[in-house]
Every structure is written in C-alpha cells, then in structure tokens.
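Student: Contents of target20.cif (mmCIF, C-alpha atoms, pLDDT in the B column; chains and numbers go by the auth columns) are given next:
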data_structure
#
loop_
_atom_site.group_PDB
_atom_site.id
_atom_site.type_symbol
_atom_site.label_atom_id
_atom_site.label_comp_id
_atom_site.label_asym_id
_atom_site.label_seq_id
_atom_site.Cartn_x
_atom_site.Cartn_y
_atom_site.Cartn_z
_atom_site.B_iso_or_equiv
_atom_site.auth_seq_id
_atom_site.auth_asym_id
ATOM 1 C CA MET A 1 -6.081 -23.937 2.285 60.00 1 A
ATOM 2 C CA ARG A 2 -4.598 -21.524 -0.267 68.00 2 A
ATOM 3 C CA GLY A 3 -5.098 -18.696 2.236 73.00 3 A
ATOM 4 C CA TRP A 4 -3.022 -20.504 4.850 79.00 4 A
ATOM 5 C CA TRP A 5 -0.283 -21.211 2.295 83.00 5 A
ATOM 6 C CA ARG A 6 -0.086 -17.548 1.306 86.00 6 A
ATOM 7 C CA LEU A 7 -0.069 -16.602 4.986 84.00 7 A
ATOM 8 C CA LEU A 8 2.884 -18.932 5.617 87.00 8 A
ATOM 9 C CA LYS A 9 4.806 -17.428 2.678 88.00 9 A
ATOM 10 C CA ALA A 10 4.049 -13.929 3.990 87.00 10 A
ATOM 11 C CA PHE A 11 5.300 -14.959 7.445 87.00 11 A
ATOM 12 C CA VAL A 12 8.602 -16.244 6.042 90.00 12 A
ATOM 13 C CA THR A 13 8.960 -13.094 3.906 91.00 13 A
ATOM 14 C CA VAL A 14 8.362 -10.785 6.872 89.00 14 A
ATOM 15 C CA VAL A 15 10.836 -12.613 9.117 90.00 15 A
ATOM 16 C CA ALA A 16 13.551 -12.657 6.429 92.00 16 A
ATOM 17 C CA VAL A 17 13.120 -8.989 5.495 90.00 17 A
ATOM 18 C CA THR A 18 12.963 -7.822 9.109 92.00 18 A
ATOM 19 C CA LEU A 19 16.153 -9.692 9.978 93.00 19 A
ATOM 20 C CA HIS A 20 17.780 -8.055 6.953 92.00 20 A
ATOM 21 C CA THR A 21 16.529 -4.643 8.132 93.00 21 A
ATOM 22 C CA ASN A 22 17.891 -5.013 11.661 92.00 22 A
ATOM 23 C CA ILE A 23 21.267 -6.290 10.502 93.00 23 A
ATOM 24 C CA GLY A 24 21.581 -3.602 7.819 93.00 24 A
ATOM 25 C CA ALA A 25 20.624 -0.813 10.249 92.00 25 A
ATOM 26 C CA TRP A 26 23.218 -2.010 12.754 92.00 26 A
ATOM 27 C CA PHE A 27 26.006 -1.468 10.219 92.00 27 A
ATOM 28 C CA ARG A 28 24.875 2.051 9.251 94.00 28 A
ATOM 29 C CA PRO A 29 25.698 5.382 10.926 94.00 29 A
ATOM 30 C CA SER A 30 22.981 6.431 13.376 91.00 30 A
ATOM 31 C CA GLU A 31 21.897 9.395 11.223 90.00 31 A
ATOM 32 C CA GLN A 32 21.143 7.048 8.289 93.00 32 A
ATOM 33 C CA ARG A 33 19.229 4.367 10.173 93.00 33 A
ATOM 34 C CA LEU A 34 15.753 5.903 10.105 92.00 34 A
ATOM 35 C CA SER A 35 15.845 6.491 6.347 93.00 35 A
ATOM 36 C CA TYR A 36 17.205 2.969 5.823 94.00 36 A
ATOM 37 C CA ARG A 37 14.454 1.395 7.952 94.00 37 A
ATOM 38 C CA LEU A 38 11.766 3.215 5.968 94.00 38 A
ATOM 39 C CA GLN A 39 13.285 2.107 2.654 93.00 39 A
ATOM 40 C CA ARG A 40 13.350 -1.467 3.911 93.00 40 A
ATOM 41 C CA GLN A 41 9.770 -1.141 5.141 93.00 41 A
ATOM 42 C CA GLN A 42 8.654 -0.226 1.624 94.00 42 A
ATOM 43 C CA ALA A 43 10.572 -3.183 0.140 92.00 43 A
ATOM 44 C CA ALA A 44 9.024 -5.520 2.725 92.00 44 A
ATOM 45 C CA SER A 45 5.510 -4.187 2.092 95.00 45 A
ATOM 46 C CA LEU A 46 5.846 -4.644 -1.670 95.00 46 A
ATOM 47 C CA ALA A 47 7.006 -8.233 -1.154 93.00 47 A
ATOM 48 C CA VAL A 48 4.181 -9.047 1.276 94.00 48 A
ATOM 49 C CA CYS A 49 1.553 -7.515 -1.022 96.00 49 A
ATOM 50 C CA ARG A 50 2.782 -9.696 -3.892 94.00 50 A
ATOM 51 C CA VAL A 51 2.570 -12.833 -1.736 93.00 51 A
ATOM 52 C CA LEU A 52 -0.904 -11.995 -0.428 94.00 52 A
ATOM 53 C CA ASP A 53 -2.220 -10.985 -3.886 95.00 53 A
ATOM 54 C CA PHE A 54 -2.933 -7.404 -2.782 97.00 54 A
ATOM 55 C CA HIS A 55 -2.414 -4.803 -5.526 97.00 55 A
ATOM 56 C CA VAL A 56 -2.146 -1.082 -4.765 97.00 56 A
ATOM 57 C CA ASN A 57 -2.105 1.665 -7.400 95.00 57 A
ATOM 58 C CA THR A 58 -2.059 5.442 -7.068 94.00 58 A
ATOM 59 C CA ALA A 59 -4.684 7.497 -8.855 88.00 59 A
ATOM 60 C CA GLU A 60 -2.335 10.434 -9.269 83.00 60 A
ATOM 61 C CA ALA A 61 1.295 11.259 -8.596 84.00 61 A
ATOM 62 C CA LEU A 62 1.857 11.536 -4.853 85.00 62 A
ATOM 63 C CA PRO A 63 3.466 14.824 -3.736 82.00 63 A
ATOM 64 C CA ASN A 64 7.170 14.249 -3.103 78.00 64 A
ATOM 65 C CA VAL A 65 7.494 16.538 -0.085 83.00 65 A
ATOM 66 C CA PRO A 66 9.547 15.369 2.933 88.00 66 A
ATOM 67 C CA GLY A 67 8.498 15.835 6.542 94.00 67 A
ATOM 68 C CA VAL A 68 4.713 15.796 5.958 96.00 68 A
ATOM 69 C CA LEU A 69 2.018 14.338 8.204 97.00 69 A
ATOM 70 C CA HIS A 70 0.093 11.888 6.013 97.00 70 A
ATOM 71 C CA VAL A 71 -3.521 11.321 7.091 97.00 71 A
ATOM 72 C CA SER A 72 -5.692 8.497 5.760 96.00 72 A
ATOM 73 C CA ASN A 73 -8.978 6.716 6.294 96.00 73 A
ATOM 74 C CA HIS A 74 -8.738 3.273 7.912 93.00 74 A
ATOM 75 C CA LEU A 75 -10.106 0.190 6.114 90.00 75 A
ATOM 76 C CA THR A 76 -8.311 -2.933 7.318 92.00 76 A
ATOM 77 C CA ALA A 77 -5.711 -4.167 9.778 87.00 77 A
ATOM 78 C CA VAL A 78 -3.211 -4.387 6.907 92.00 78 A
ATOM 79 C CA ASP A 79 -3.598 -0.755 5.821 94.00 79 A
ATOM 80 C CA PRO A 80 -0.019 0.053 6.942 93.00 80 A
ATOM 81 C CA VAL A 81 1.327 -2.655 4.604 94.00 81 A
ATOM 82 C CA LEU A 82 -0.805 -1.394 1.719 96.00 82 A
ATOM 83 C CA MET A 83 0.204 2.236 2.283 96.00 83 A
ATOM 84 C CA ALA A 84 3.890 1.490 2.858 95.00 84 A
ATOM 85 C CA SER A 85 4.068 -0.293 -0.495 96.00 85 A
ATOM 86 C CA LYS A 86 3.651 3.169 -2.055 95.00 86 A
ATOM 87 C CA LEU A 87 5.008 5.516 0.614 94.00 87 A
ATOM 88 C CA GLN A 88 8.141 5.791 2.730 93.00 88 A
ATOM 89 C CA VAL A 89 6.547 6.795 6.013 95.00 89 A
ATOM 90 C CA CYS A 90 6.744 6.130 9.736 94.00 90 A
ATOM 91 C CA PHE A 91 3.551 4.837 11.324 91.00 91 A
ATOM 92 C CA ALA A 92 1.994 5.681 14.668 83.00 92 A
ATOM 93 C CA GLY A 93 -0.010 2.951 16.382 75.00 93 A
ATOM 94 C CA LYS A 94 -1.374 1.686 19.670 75.00 94 A
ATOM 95 C CA ALA A 95 1.141 0.581 22.286 75.00 95 A
ATOM 96 C CA GLU A 96 -0.191 -2.980 22.581 77.00 96 A
ATOM 97 C CA ILE A 97 1.025 -3.734 19.051 78.00 97 A
ATOM 98 C CA GLY A 98 4.571 -3.535 20.392 75.00 98 A
ATOM 99 C CA ARG A 99 3.790 -6.437 22.738 79.00 99 A
ATOM 100 C CA TRP A 100 2.336 -8.730 20.061 78.00 100 A
ATOM 101 C CA PRO A 101 4.483 -11.734 19.082 79.00 101 A
ATOM 102 C CA LEU A 102 6.334 -11.193 15.780 80.00 102 A
ATOM 103 C CA LEU A 103 4.263 -8.156 14.744 81.00 103 A
ATOM 104 C CA GLY A 104 5.647 -6.056 17.590 84.00 104 A
ATOM 105 C CA TRP A 105 9.202 -6.966 16.569 87.00 105 A
ATOM 106 C CA VAL A 106 8.451 -6.107 12.930 88.00 106 A
ATOM 107 C CA CYS A 107 6.909 -2.732 13.822 87.00 107 A
ATOM 108 C CA LYS A 108 9.822 -1.738 16.051 86.00 108 A
ATOM 109 C CA ALA A 109 12.329 -2.773 13.365 88.00 109 A
ATOM 110 C CA HIS A 110 10.645 -0.354 10.959 89.00 110 A
ATOM 111 C CA ALA A 111 10.574 2.624 13.358 87.00 111 A
ATOM 112 C CA MET A 112 6.887 2.607 14.277 89.00 112 A
ATOM 113 C CA LEU A 113 5.857 5.094 16.984 88.00 113 A
ATOM 114 C CA LEU A 114 3.788 3.412 19.729 81.00 114 A
ATOM 115 C CA VAL A 115 1.454 5.140 22.174 75.00 115 A
ATOM 116 C CA ASP A 116 -1.070 4.274 24.878 70.00 116 A
ATOM 117 C CA ARG A 117 -4.077 6.126 23.499 62.00 117 A
ATOM 118 C CA SER A 118 -6.018 5.700 26.750 62.00 118 A
ATOM 119 C CA ARG A 119 -3.657 8.133 28.523 62.00 119 A
ATOM 120 C CA THR A 120 -3.875 11.824 27.612 60.00 120 A
ATOM 121 C CA ARG A 121 -0.260 12.511 28.563 64.00 121 A
ATOM 122 C CA GLN A 122 0.883 9.797 26.153 70.00 122 A
ATOM 123 C CA ILE A 123 -1.016 11.460 23.290 74.00 123 A
ATOM 124 C CA HIS A 124 0.931 14.681 23.935 80.00 124 A
ATOM 125 C CA LEU A 125 4.152 12.677 24.024 83.00 125 A
ATOM 126 C CA LEU A 126 3.294 11.050 20.691 85.00 126 A
ATOM 127 C CA ALA A 127 2.650 14.467 19.126 88.00 127 A
ATOM 128 C CA GLY A 128 6.132 15.524 20.175 89.00 128 A
ATOM 129 C CA GLN A 129 7.652 12.332 18.758 91.00 129 A
ATOM 130 C CA ILE A 130 5.843 12.843 15.458 93.00 130 A
ATOM 131 C CA ARG A 131 7.083 16.428 15.195 94.00 131 A
ATOM 132 C CA GLU A 132 10.642 15.261 15.887 94.00 132 A
ATOM 133 C CA ARG A 133 10.381 12.763 13.015 94.00 133 A
ATOM 134 C CA LEU A 134 8.891 15.376 10.700 95.00 134 A
ATOM 135 C CA ALA A 135 11.621 17.878 11.584 94.00 135 A
ATOM 136 C CA ARG A 136 14.193 15.257 10.556 92.00 136 A
ATOM 137 C CA GLY A 137 12.575 15.060 7.123 93.00 137 A
ATOM 138 C CA ALA A 138 10.749 11.759 7.659 94.00 138 A
ATOM 139 C CA SER A 139 7.034 11.668 6.881 95.00 139 A
ATOM 140 C CA VAL A 140 4.590 10.087 9.340 96.00 140 A
ATOM 141 C CA LEU A 141 1.248 8.441 8.520 96.00 141 A
ATOM 142 C CA VAL A 142 -1.657 8.315 10.975 94.00 142 A
ATOM 143 C CA PHE A 143 -5.227 6.980 10.903 93.00 143 A
ATOM 144 C CA PRO A 144 -7.091 9.562 13.022 93.00 144 A
ATOM 145 C CA GLU A 145 -10.457 7.786 12.787 92.00 145 A
ATOM 146 C CA GLY A 146 -8.929 5.695 15.581 82.00 146 A
ATOM 147 C CA THR A 147 -10.723 2.539 14.448 82.00 147 A
ATOM 148 C CA THR A 148 -11.981 0.760 11.346 80.00 148 A
ATOM 149 C CA GLY A 149 -15.635 1.081 10.379 80.00 149 A
ATOM 150 C CA TRP A 150 -17.719 -0.402 7.584 84.00 150 A
ATOM 151 C CA GLY A 151 -16.331 2.085 5.060 87.00 151 A
ATOM 152 C CA ARG A 152 -19.683 3.636 4.236 89.00 152 A
ATOM 153 C CA GLU A 153 -18.425 7.006 5.421 92.00 153 A
ATOM 154 C CA ILE A 154 -15.291 8.610 6.818 95.00 154 A
ATOM 155 C CA LEU A 155 -15.531 8.620 10.611 94.00 155 A
ATOM 156 C CA PRO A 156 -14.732 11.844 12.509 95.00 156 A
ATOM 157 C CA PHE A 157 -11.005 12.472 12.994 96.00 157 A
ATOM 158 C CA LYS A 158 -9.630 12.571 16.528 92.00 158 A
ATOM 159 C CA PRO A 159 -7.544 15.768 16.864 92.00 159 A
ATOM 160 C CA GLY A 160 -4.770 14.400 19.106 89.00 160 A
ATOM 161 C CA THR A 161 -2.091 13.634 16.502 90.00 161 A
ATOM 162 C CA PHE A 162 -2.762 16.915 14.658 95.00 162 A
ATOM 163 C CA GLN A 163 -1.159 18.662 17.636 93.00 163 A
ATOM 164 C CA SER A 164 2.164 17.589 16.110 94.00 164 A
ATOM 165 C CA VAL A 165 1.824 20.102 13.258 96.00 165 A
ATOM 166 C CA ALA A 166 -0.855 22.598 14.321 95.00 166 A
ATOM 167 C CA GLY A 167 0.519 26.132 14.591 94.00 167 A
ATOM 168 C CA TRP A 168 3.951 25.002 13.411 95.00 168 A
ATOM 169 C CA ARG A 169 5.507 27.014 10.605 94.00 169 A
ATOM 170 C CA GLN A 170 6.889 23.865 8.979 94.00 170 A
ATOM 171 C CA GLY A 171 3.713 21.852 9.598 95.00 171 A
ATOM 172 C CA ARG A 172 2.013 20.302 6.571 96.00 172 A
ATOM 173 C CA VAL A 173 -0.661 17.640 6.142 97.00 173 A
ATOM 174 C CA LEU A 174 -1.321 15.396 3.133 97.00 174 A
ATOM 175 C CA PRO A 175 -4.893 13.960 3.025 97.00 175 A
ATOM 176 C CA LEU A 176 -5.139 10.428 1.590 97.00 176 A
ATOM 177 C CA PHE A 177 -8.014 8.119 0.725 97.00 177 A
ATOM 178 C CA LEU A 178 -7.571 4.355 0.332 96.00 178 A
ATOM 179 C CA ASP A 179 -10.301 2.396 -1.460 96.00 179 A
ATOM 180 C CA VAL A 180 -10.984 -1.125 -2.730 96.00 180 A
ATOM 181 C CA ILE A 181 -11.798 -1.012 -6.434 95.00 181 A
ATOM 182 C CA ALA A 182 -11.988 -4.720 -7.310 97.00 182 A
ATOM 183 C CA ILE A 183 -12.311 -8.110 -5.623 97.00 183 A
ATOM 184 C CA ARG A 184 -11.234 -11.152 -7.674 95.00 184 A
ATOM 185 C CA GLY A 185 -11.186 -8.812 -10.669 94.00 185 A
ATOM 186 C CA LYS A 186 -14.813 -7.728 -10.193 95.00 186 A
ATOM 187 C CA PRO A 187 -15.132 -3.909 -10.032 95.00 187 A
ATOM 188 C CA MET A 188 -16.730 -2.560 -6.871 94.00 188 A
ATOM 189 C CA VAL A 189 -19.326 0.198 -6.771 91.00 189 A
ATOM 190 C CA GLY A 190 -20.309 2.456 -3.908 90.00 190 A
ATOM 191 C CA SER A 191 -18.946 1.336 -0.556 91.00 191 A
ATOM 192 C CA CYS A 192 -19.446 -2.408 -1.209 93.00 192 A
ATOM 193 C CA GLY A 193 -15.713 -3.091 -1.608 93.00 193 A
ATOM 194 C CA ARG A 194 -14.874 -1.289 1.629 94.00 194 A
ATOM 195 C CA GLU A 195 -17.653 -3.142 3.450 93.00 195 A
ATOM 196 C CA ALA A 196 -16.387 -6.489 2.108 94.00 196 A
ATOM 197 C CA VAL A 197 -12.875 -5.971 3.549 94.00 197 A
ATOM 198 C CA SER A 198 -13.971 -4.294 6.784 89.00 198 A
ATOM 199 C CA HIS A 199 -12.273 -5.380 10.003 84.00 199 A
ATOM 200 C CA ASN A 200 -15.781 -5.637 11.486 80.00 200 A
ATOM 201 C CA HIS A 201 -16.263 -9.008 9.756 73.00 201 A
ATOM 202 C CA ARG A 202 -13.565 -10.663 11.886 68.00 202 A
ATOM 203 C CA HIS A 203 -12.145 -9.277 15.108 72.00 203 A
ATOM 204 C CA GLY A 204 -8.510 -9.985 15.839 80.00 204 A
ATOM 205 C CA PHE A 205 -5.611 -9.571 13.422 82.00 205 A
ATOM 206 C CA LEU A 206 -5.235 -13.189 12.252 84.00 206 A
ATOM 207 C CA PRO A 207 -8.959 -13.944 11.677 88.00 207 A
ATOM 208 C CA HIS A 208 -9.269 -10.662 9.806 90.00 208 A
ATOM 209 C CA LEU A 209 -6.240 -11.387 7.618 90.00 209 A
ATOM 210 C CA LEU A 210 -7.590 -14.856 6.783 90.00 210 A
ATOM 211 C CA HIS A 211 -10.912 -13.238 5.856 91.00 211 A
ATOM 212 C CA LEU A 212 -9.099 -10.963 3.402 93.00 212 A
ATOM 213 C CA LEU A 213 -7.159 -13.873 1.903 92.00 213 A
ATOM 214 C CA ARG A 214 -10.373 -15.834 1.309 91.00 214 A
ATOM 215 C CA LEU A 215 -11.666 -12.942 -0.794 93.00 215 A
ATOM 216 C CA GLY A 216 -8.926 -13.629 -3.376 92.00 216 A
ATOM 217 C CA ARG A 217 -7.149 -10.912 -5.335 95.00 217 A
ATOM 218 C CA LEU A 218 -7.787 -7.445 -3.918 97.00 218 A
ATOM 219 C CA ASP A 219 -7.166 -4.256 -5.912 97.00 219 A
ATOM 220 C CA PHE A 220 -6.787 -0.991 -4.017 97.00 220 A
ATOM 221 C CA VAL A 221 -6.321 2.596 -5.155 97.00 221 A
ATOM 222 C CA LEU A 222 -4.723 5.426 -3.207 97.00 222 A
ATOM 223 C CA HIS A 223 -5.954 8.985 -3.808 96.00 223 A
ATOM 224 C CA ALA A 224 -4.109 12.074 -2.578 96.00 224 A
ATOM 225 C CA GLY A 225 -5.453 15.552 -1.927 95.00 225 A
ATOM 226 C CA SER A 226 -3.576 18.835 -1.814 93.00 226 A
ATOM 227 C CA VAL A 227 -1.074 19.523 0.959 95.00 227 A
ATOM 228 C CA ILE A 228 -2.592 21.579 3.797 96.00 228 A
ATOM 229 C CA GLU A 229 -0.435 24.193 5.525 96.00 229 A
ATOM 230 C CA ALA A 230 -0.847 23.872 9.293 96.00 230 A
ATOM 231 C CA ALA A 231 0.820 27.046 10.607 93.00 231 A
ATOM 232 C CA ALA A 232 -2.390 29.056 11.013 91.00 232 A
ATOM 233 C CA SER A 233 -4.619 26.305 12.466 93.00 233 A
ATOM 234 C CA ASP A 234 -5.132 24.709 15.866 94.00 234 A
ATOM 235 C CA ARG A 235 -5.434 20.933 16.095 95.00 235 A
ATOM 236 C CA LYS A 236 -9.251 20.844 16.011 96.00 236 A
ATOM 237 C CA GLU A 237 -9.437 23.134 12.982 97.00 237 A
ATOM 238 C CA LEU A 238 -6.796 21.072 11.254 97.00 238 A
ATOM 239 C CA ALA A 239 -8.559 17.779 12.052 97.00 239 A
ATOM 240 C CA ARG A 240 -11.816 19.152 10.654 97.00 240 A
ATOM 241 C CA ALA A 241 -10.210 20.577 7.501 97.00 241 A
ATOM 242 C CA THR A 242 -8.330 17.340 6.823 98.00 242 A
ATOM 243 C CA TRP A 243 -11.465 15.249 7.419 98.00 243 A
ATOM 244 C CA GLU A 244 -13.333 17.397 4.888 98.00 244 A
ATOM 245 C CA CYS A 245 -10.586 16.773 2.301 97.00 245 A
ATOM 246 C CA VAL A 246 -10.549 13.001 2.870 97.00 246 A
ATOM 247 C CA ALA A 247 -14.356 12.871 2.824 97.00 247 A
ATOM 248 C CA ALA A 248 -14.333 14.790 -0.488 97.00 248 A
ATOM 249 C CA LEU A 249 -11.784 12.339 -1.946 96.00 249 A
ATOM 250 C CA CYS A 250 -14.090 9.511 -0.900 95.00 250 A
ATOM 251 C CA ARG A 251 -17.199 11.174 -2.293 94.00 251 A
ATOM 252 C CA ASN A 252 -15.611 12.212 -5.594 93.00 252 A
ATOM 253 C CA ASN A 253 -13.799 8.944 -6.310 91.00 253 A
ATOM 254 C CA THR A 254 -16.297 6.292 -5.279 86.00 254 A
ATOM 255 C CA PRO A 255 -17.700 4.548 -8.399 80.00 255 A
ATOM 256 C CA VAL A 256 -21.489 4.473 -8.606 74.00 256 A
ATOM 257 C CA ALA A 257 -23.716 1.893 -10.253 63.00 257 A
ATOM 258 C CA LYS A 258 -24.780 2.747 -13.785 60.00 258 A
#
Since I need it in another form, could you write the structure as structure tokens?

Tutor:
Amino acid sequence: MRGWWRLLKAFVTVVAVTLHTNIGAWFRPSEQRLSYRLQRQQAASLAVCRVLDFHVNTAEALPNVPGVLHVSNHLTAVDPVLMASKLQVCFAGKAEIGRWPLLGWVCKAHAMLLVDRSRTRQIHLLAGQIRERLARGASVLVFPEGTTGWGREILPFKPGTFQSVAGWRQGRVLPLFLDVIAIRGKPMVGSCGREAVSHNHRHGFLPHLLHLLRLGRLDFVLHAGSVIEAAASDRKELARATWECVAALCRNNTPVAK
C-alpha cells in the first residue's frame, strides 16, 4: 500500500513540474528553452527521487564539460530519473515512449530525443540530432546496451549512437557506471543489488516501478571515468573503448564479500 501511495505522490509531482516546465519554456526566448528544460528536468528528478525514496550519490566529482556524450550502463526503467538528478543532460530513447500516456508528454517536455531503433535510417537521423545538441553545448546521455540485463556484467555496446561523435574534432565521451549500493540500508556486495532491481523481474514500466518501491529505500552511486576524445576513432572503436571503460568502472567499484 505504501508503494502505491508513493507512486501517487510521484505522479502528482511529475504532472505539476512538467506543467511548470512547459509554461516556463513558453515565456523564454527560443535560444534559452533547451537549457531551461534541462534545468527543470534535474529539479523534477530530484523531487521524484525524494518521493520514491531513491538516493543517488556521486563517487567523485563529475567533469563539468559541456557538449559531451554521456554513456552509461542500464539497470532499471527509472535510470533516466536517477541520472538526471545529478546531471543536466538530454536523453535519447525509443520512439514508442513518446506515445505512452503521461510519460510521453513528460519526456517531450524535457527535450528527449526519440528514435525508432528498428529502422537503420532512423539511427543515422538520431546521431545527427545528438550531434546538433552537443554542438549547442548540451550534453546527451545514452544507454548503448540497448536493454536492461541482470547487472552481472556490462552488455556489449551497440555502436549506432557513437556515430554522433566518432571522427568529430569536438567529439567527447564520458563513461559512467550506475550501481546499487544498499537496499533498505543493507549494503550490497557483488552484483546482488543490481540483480535485485533488474527490469527482468517485472516487464512493463508500472509493474517494474512497483517492484522497486516494494524494495524500500534504494541507495545508488554514480561513478565517472575519464573523458574520451572521439576525433581519431570510428564508431565501433569508440563503442569498444567506452565499453571497456564502463566495464572497468564496474569491476573496480563493485564491493566484494569479506
């Protein structure tokens, strides 16, 4: 019952903040709207995390470099909310999200890029849209695993979105690793925390979110690697190099049983 109550409060929070975002953006000059939407997205994500009892900390200071492609592993359906509570970034997601009731409206209000990943031409179009955002100084975050697994390992990265920065003089990539370090205050070891929150337990956004809420307080940590320059790499090389960095962050920062 408590999970449903927190879900209702999160729903009201999201609707109120998104209305505020749309109204505020309408009154701003066009060149300021993207930055404003990303600021509002961070405020909304912080508020939703508080309501849902999700707590995100950073293990180290995140590089403050504009116009960078952020690349992360994918744990849960609410990863964008968790990440946006610490980062001002645009997200890229599957086109069907834009057609979902409420969630599609929220994503569009906060400048999410949507693409039909089943169509190759659309992937190329998305890469161009990402580069346009990066060139304007906005950072973009992608989950190139393309799906959520059990969290026991980092799945191979699909190279499509790396086309946005590969071979580009201004192209830069920031590897990120998101982990669950405690559930209800109990420290997690190995991959057990990631397995506990995995989307594979419940398919569908709402059942999965309710599963997370039943777990109680969740503590996450966000690790960042070093920025990778993309000018001298093609998309496959860049995907492989970034995967190696994220996999190393996972390997080096996963607590082990004593």

Student: As a check of understanding, name the residues that the PyMOL selection byres ((chain A and resi 154) around 10) selects in the supplied structure, as a list in words.

Tutor: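 Checked against the file, the PyMOL selection byres ((chain A and resi 154) around 10) matches Ser72, Asn73, His74, Leu75, Glu145, Thr148, Gly149, Trp150, Gly151, Arg152, Glu153, Leu155, Pro156, Phe157, Phe177, Trp243, Glu244, Val246, Ala247, Ala248, Cys250 and Arg251 of chain A.
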
Student: Quick one, how far is atom CA of A:Ala47 from atom CA of A:Cys192?

Tutor: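 That distance, rounded to one decimal, is 27.1 Å.
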
Student: What lies within 12 Å of A:Ala239 using only C-alpha atoms, ignoring chain neighbours under 4 positions off, as a ChimeraX atom specification?

Tutor: /A:69,71-72,142-145,155-166,173-175,228,230,233-235,243-247

Student: Give as number ranges by chain each residue that has an atom at most 10 Å from (-2.7, 4.3, 4.6) in the file, counting only C-alpha atoms.

Tutor: A: 70-76, 78-87, 89, 91, 141-143, 176-179, 222

Student: Expand the PyMOL selection byres ((chain A and resi 28-41) around 10) into the individual residues it matches in the shown file, reporting them as a PyMOL selection string.

Tutor: chain A and resi 14+17-18+20-27+42-47+81+84-85+87-91+106-112+133+136-139

Student: Take atom CA of A:Trp100 and atom CA of A:Leu19 and report the distance between them in Å, one decimal.

Tutor: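 Going from atom CA of A:Trp100 over to atom CA of A:Leu19 covers 17.1 Å.
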
Student: For the PyMOL selection byres ((chain A and resi 60) around 8), applied here, can you spell out every residue it catches as number ranges by chain?

Tutor: A: 58-59, 61-62, 223-224

Student: Kindly give the distance, in Å, that separates atom CA of A:Glu195 and atom CA of A:Ile183, rounded to a single decimal.

Tutor: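 For atom CA of A:Glu195 relative to atom CA of A:Ile183, the distance reads 11.6 Å.
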
Student: Could you tell me which of A:Ala92, A:Leu249, A:Leu134, A:Val140 comes closest to A:Gly171 if we count only C-alpha atoms?

Tutor: A:Leu134

Student: Given all atoms listed in the file as the basis, pick out the residue of A:Ala135, A:Ala95, A:Leu103, A:Leu7 nearest to A:Gln122.

Tutor: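 When distances to A:Gln122 are compared using all atoms listed in the file, the smallest one comes from A:Ala95.
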
Student: My list of candidates is A:Gly190, A:Val221, A:Arg172, A:Gly216. Which is closest to A:Thr242 when distances are computed with all atoms listed in the file?

Tutor: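 Of the candidates, the smallest distance to A:Thr242 is held by A:Arg172.
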
Student: Please fill the gaps in stretch 138-143 of chain A so it has all heavy atoms, and write that as a CSV table (one decimal), in the frame of the given file.

Tutor:
chain,number,residue,atom,x,y,z
A,138,ALA,N,11.5,13.0,7.9
A,138,ALA,CA,10.7,11.8,7.7
A,138,ALA,C,9.3,12.1,7.7
A,138,ALA,O,8.8,12.8,8.6
A,138,ALA,CB,11.1,10.7,8.7
A,139,SER,N,8.5,11.5,6.8
A,139,SER,CA,7.0,11.7,6.9
A,139,SER,C,6.4,10.6,7.8
A,139,SER,O,7.0,9.5,8.0
A,139,SER,CB,6.4,11.5,5.5
A,139,SER,OG,6.8,12.6,4.7
A,140,VAL,N,5.3,11.0,8.4
A,140,VAL,CA,4.6,10.1,9.3
A,140,VAL,C,3.2,9.9,8.9
A,140,VAL,O,2.5,10.9,8.4
A,140,VAL,CB,4.6,10.7,10.8
A,140,VAL,CG1,3.8,9.8,11.7
A,140,VAL,CG2,6.0,10.9,11.3
A,141,LEU,N,2.6,8.7,8.9
A,141,LEU,CA,1.2,8.4,8.5
A,141,LEU,C,0.4,8.0,9.7
A,141,LEU,O,0.8,7.1,10.5
A,141,LEU,CB,1.2,7.4,7.4
A,141,LEU,CG,-0.2,7.2,6.7
A,141,LEU,CD1,0.0,6.8,5.3
A,141,LEU,CD2,-1.1,6.3,7.4
A,142,VAL,N,-0.8,8.6,9.9
A,142,VAL,CA,-1.7,8.3,11.0
A,142,VAL,C,-3.1,8.0,10.4
A,142,VAL,O,-3.4,8.5,9.3
A,142,VAL,CB,-1.7,9.5,12.0
A,142,VAL,CG1,-0.4,9.7,12.7
A,142,VAL,CG2,-2.2,10.8,11.4
A,143,PHE,N,-3.8,7.3,11.2
A,143,PHE,CA,-5.2,7.0,10.9
A,143,PHE,C,-6.1,7.6,12.0
A,143,PHE,O,-6.4,6.9,13.0
A,143,PHE,CB,-5.4,5.5,10.8
A,143,PHE,CG,-4.6,4.8,9.8
A,143,PHE,CD1,-3.4,4.1,10.2
A,143,PHE,CD2,-4.9,4.8,8.5
A,143,PHE,CE1,-2.6,3.4,9.3
A,143,PHE,CE2,-4.1,4.2,7.5
A,143,PHE,CZ,-2.9,3.5,8.0
